[in-house]
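Just below is one structure, and these are the notes that go with it.
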Protein chains: 2
Amino acid sequence: MSRQSNRRNAFYAQSGGVTAVINASAAGVIETARANKDRIGKVYAGRDGIIGALTEDLIDTSKESAAAIRRLRYLPGGAFGSCRYKLKRIEENRRHRECERIIEVFAAHDIGYFFYNGGGDSADTCLKISRLSKALNYPLQAIHIPKTVDNDLPATDNCPGFGSVAKYVAVSTREASLDVASMARTSTKVFILEVMGRHAGWIAAAGAMASDERLPIPVIVLFPEVPFNRRKFMARVKRMVREHGYASVVVSEGVRDARGRFLSEQGLTDAFGHAQLGGVAPVIARMVKDDLGYKYHWAVADYLQRAARHIASRTDVEQAFAVGKAAVEFALAGRNAVMPAIVRVSNKPYRWKIAAANLARVANVEKKLPKRFIDSDGFGITDACRAYLAPLMRGEDAPPYCNGGNGGNGLPDYAPLKNAAVAKKLQTGFEL
Amino acid sequence: MSRQSNRRNAFYAQSGGVTAVINASAAGVIETARANKDRIGKVYAGRDGIIGALTEDLIDTSKESAAAIRRLRYLPGGAFGSCRYKLKRIEENRRHRECERIIEVFAAHDIGYFFYNGGGDSADTCLKISRLSKALNYPLQAIHIPKTVDNDLPATDNCPGFGSVAKYVAVSTREASLDVASMARTSTKVFILEVMGRHAGWIAAAGAMASDERLPIPVIVLFPEVPFNRRKFMARVKRMVREHGYASVVVSEGVRDARGRFLSEQGLTDAFGHAQLGGVAPVIARMVKDDLGYKYHWAVADYLQRAARHIASRTDVEQAFAVGKAAVEFALAGRNAVMPAIVRVSNKPYRWKIAAANLARVANVEKKLPKRFIDSDGFGITDACRAYLAPLMRGEDAPPYCNGGNGGNGLPDYAPLKNAAVAKKLQTGFEL
């Protein structure tokens with residue numbers, strides 16, 4: 001057996017909403033592959049995610065210097081592009097053709113390793129590609145790399161991307177609350193921050209972390225898991241304002257009324273059929289004004305929260321890198337259809353390790369915030385939730401800044417890659 | 001002459017909207033006063049700003065340790081409370097009584113130095129108190145300390161508080177743009193960030209700093225100084241999307257149409273009679289959807305931008321401290337009715353110094369973004385504006401974080417003061 005026959009290329013793609021640390025996973029994949037040049041040839045990346053595989057639009061990461069790959073750790077967003085492109089669900093034939101096309105492209109470029117970096121939907125896709133490759137007798141190891149700010153993947157203690165959003169939301173809530181507290185006597189009494197989280201309240205829960213024993217803050221959380229009760233909520237706001245002079249409300253974009261309707265609904269849906277939300281903060285603000293007459297202010301963090309690499313959690317960055325590295329190690333160990341999962345070994349001190357989770361356990365399962373993490377009154381978090389969240393938000397990992405000499409503007413010196421294209425080998429195109 | 005007769009107390013108050021660095025000015029005042037104990041007795045602070053003077057609700061800062069005052073540098077919001085309380089404008093008699101009351105309280109506590117930390121309105125108040133004290137033959141030195149995120153004070157090159165907001169807005173725009181860029185092919189094509197700035201576009205201008213030669217980003221700025229032209233704006237958005245795949249819009253809350261009406265108006269006014277704004281981002285987003293059909297996302301930074309001490313500009317923190325320190329030095333040098341202004345000595349390298357500005361030149365004058373700072377097309381900034389903004393955003397000054405051992409939650413360890421009350425000396429109260 002020639003050495004060449006062992007040495008196959010890898011394909012890496014980013015899927016769905018990007019995060020502040022997804023590129024740290026990419027760095028983990030690429031650096032680990034480079035350290036195993038005897039087994040892995042080139043790492044190709046899909047331009048705009050899986051679309052790059054379908055259209056044979058591959059990026060040659062071997063054109064990037066070691067320094068450039070090291071700096072990926074600091075770059076927010078998706079370095080190679082990501083997409084919201086769900087392999088067709090309804091037309092089964094069509095989906096089958098898509099998966100076959102992907103394997104056709106893989107074969108053309110001698111790709112033996114498929115690393116797919118995403119959430120629940122991409123875990124499902126990864127599993128399907130793995131199964132089809134077996135059916136087609138095409139040797140492929142498909143490894144899913146977890147990523148989602150929503151923290152809703154099963155089989156892993158937490159998801160890379162989440163810790164940094166949690167830190168951003170907690171820090172922002174703490175800072176804005178100090179602002180509001182100092183002016184509440186004559187100005188704003190209720191501040192409302194809208195955060196992400198369609199179905200699971202993990203991100204909203206992080207807002208409650210703004211308050212601790214050293215710095216108590218009257219935070220009220222509105223979870224998607226708890227039906228909104230206007231009367232109960234107003235009573236709580238009134239009590240907080242009476243006791244503290246003000247209240248800070250952290251509301252999940254996905255909060256619903258007792259009948260299950262989103263409090264704010266733009267009426268649009270994305271490619272996965274999920275409702276596109278936004279704008280529940282002003283709805284809550286108006287209610288507060290109408291019911292209690294308090295002066296209010298509101299903020300909508302939107303993409304700022306998931307792109308805020310400047311305040312990323314060090315734990316999160318390290319875990320994002322670790323799952324990328326482990327994915328390659330699993331592949332080299334012959335594993336297939338697995339995902340590197342984060343296992344919490346202990347809380348005090350916080351220790352974690354990586355273990356392989358079977359993809360069949362991961363795909364299309366949503367992990368909601370457990371009941372035991374939500375306060376009995378439904379407006380806050382329990383000590384168990386605090387113990388869970390705290391280590392995920394711990395530590396900073398500041399990016400380099402442009403402060404040099406006369407030209408510096410004080411901005412993070414984010415350095416995108418060159419993203420050189422790989423020459424196409426197939427005669428056929430593919431219509432998306 | 002007894003030593004005692006030279007030694008009088010000082011009063012310090014924070015006014016109007018707080019900032020990420022106003023407490024650095026407080027630290028500058030208190031530390032410099034402590035270093036001159038032979039001349040200055042205690043520094044009293046007004047609880048909730050000037051209201052503390054009117055109601056004789058004083059805070060004794062001498063109860064705070066040197067370490068606590070040093071840490072003020074890192075604390076966002078107003079450490080002693082601030083207020084939006086305009087000394088009565090209409091009932092002149094009433095206002096006169098308010099000023100007299102303040103001097104009555106000063107006399108009761110042997111206050112010979114008045115340090116008022118705020119924007120244009122407080123400069124006006126500071127001047128009036130100075131004049132009345134002369135008329136009443138009460139020896140008082142009134143010094144105004146500049147502070148405003150709006151950067152709209154005259155007689156100073158820039159205002160403490162602004163540099164940090166500018167940095168926050170530029171960093172956030174850069175980060176969110178990297179996120180949008182990586183998903184624009186199948187998802188959001190236009191991202192809209194609403195920022196503060198009622199009448200002056202200084203903060204919006206900072207959004208354009210997200211883009212530079214090293215990292216070009218298609219930013220479109222909507223200034224309050226430029227009447228909104230829907231057709232021209234849409235043409236620009238369309239061009240950016242065609243050329244770059246996406247566009248990032250930074251819109252000032254104060255943007256108006258050709259007839260001078262705010263694009264979004266909540267219909268409320270604050271204590272100064274200013275319209276309370278908010279929510280122009282969703283208005284722009286809806287227009288983009290209606291006119292061009294692009295998928296959009298929007299964020300409203302609101303208080304997050306002016307409270308974000310974690311990403312404060314080091315230049316800003318240093319200048320905020322310096323104007324507090326200079327205020328005390330001016331007082332000790334016998335100055336009255338002045339404000340420490342920041343003078344830009346050179347741009348390359350950036351050098352600045354503090355000089356005294358006459359308060360009569362400062363009060364009630366608003367400095368707008370000059371025409372030469374706005375691009376000829378009205379959607380961006382000139383090189384002159386970049387050269388002005390860059391040094392103000394330069395450097396970081398990270399607060400301490402709670403990362404220690406097992407208990408750390410990764411949050412900035414912001415430490416509010418004790419704020420012990422000074423015993424009242426007057427028999428009379430004062431109704432606000």
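Convention: chains lettered A, B, ... in structure tokens order; per-chain residue numbering from 1; ligands numbered from 1 as shown.
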
message: Would you pick out the contacts of Glu213 of chain B at 12 Å or less, using only C-alpha atoms, so that residues sharing its chain but fewer than 6 positions from it are not included, and give the list as a list of chain:residue names?
response: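 Result of the neighbour search: A:Cys402, A:Gly407, A:Gly408, A:Asn409, A:Asp413, A:Ala415, B:Asp383, B:Arg386.
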
Would you mind writing down, as a ChimeraX atom specification, each residue of segment 243-370 of chain A that DSSP on the backbone assigns to strand (DSSP E)? /A:247-252,268-269,275-276,296-300,338-346,351-358

Of B:Met240, B:Ile192, B:Gly380, B:Ala35, the one sitting nearest Tyr296 of chain B when using only C-alpha atoms is B:Ile192

* To do: Name the residues in contact with His244 of chain B at a cut-off of 9 Å, using only C-alpha atoms, excluding same-chain residues fewer than 2 positions from it; report them as a PyMOL selection string.
  => chain B and resi 181+217-218+239-242+246-247

Chain A proximity check over B:Ser376, B:Asn6, B:Asn364, B:Ser15, using only C-alpha atoms: winner is B:Ser15

Neighbouring residues of Asp152 of chain A were defined as those with any atom within 9 Å, considering only C-alpha atoms; residues of the same chain fewer than 2 positions away were excluded. Please report them as a ChimeraX atom specification. /A:119-120,148-150,154,158-159,199-200,202,365-369

TODO: Excluding Ala24 of chain B and any residue of its chain fewer than 5 positions from it, enumerate the residues within 10 Å of it, using only C-alpha atoms, and give them as a PyMOL selection string.
DONE: chain B and resi 19+29-30+69-76+79+160-161+316-325

Atom pair atom CA of Ala326 of chain A + atom CA of Phe115 of chain A, distance 10.8 Å

From the list B:Ala356, B:Ile102, B:Leu304, B:Leu127, the nearest residue to chain A using only C-alpha atoms is B:Leu304

8 Å contact set for Ala204 of chain A, only C-alpha atoms, chain neighbours under 3 positions out, as a PyMOL selection string:
chain A and resi 169+195-197+201+207-208+221-223+250-252

Just the residues within 8 Å of Arg174 of chain A, please, counting only C-alpha atoms, with nothing from its chain fewer than 4 positions along; format it as a VMD selection string. chain A and resid 170 178 210 to 211 217

- [ ] Between A:Ala176, A:Ala285, A:Ala390, A:Ile145, single out the one closest to Ala355 of chain A, counting only C-alpha atoms.
- [x]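 When distances to Ala355 of chain A are compared using only C-alpha atoms, the smallest one comes from A:Ile145.
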
message = I'd like the interatomic distance between atom CA of Leu87 of chain B and atom CA of Val43 of chain B, to a tenth of an Å.
response =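 Separation between atom CA of Leu87 of chain B and atom CA of Val43 of chain B: 23.0 Å.
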
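Pairwise distance (atom CA of Asn347 of chain A, atom CA of Asp157 of chain A) equals 11.9 Å.
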
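Closest approach to chain B among A:Gly52, A:Pro146, A:Pro224, A:Gly112: A:Gly52, based on only C-alpha atoms.
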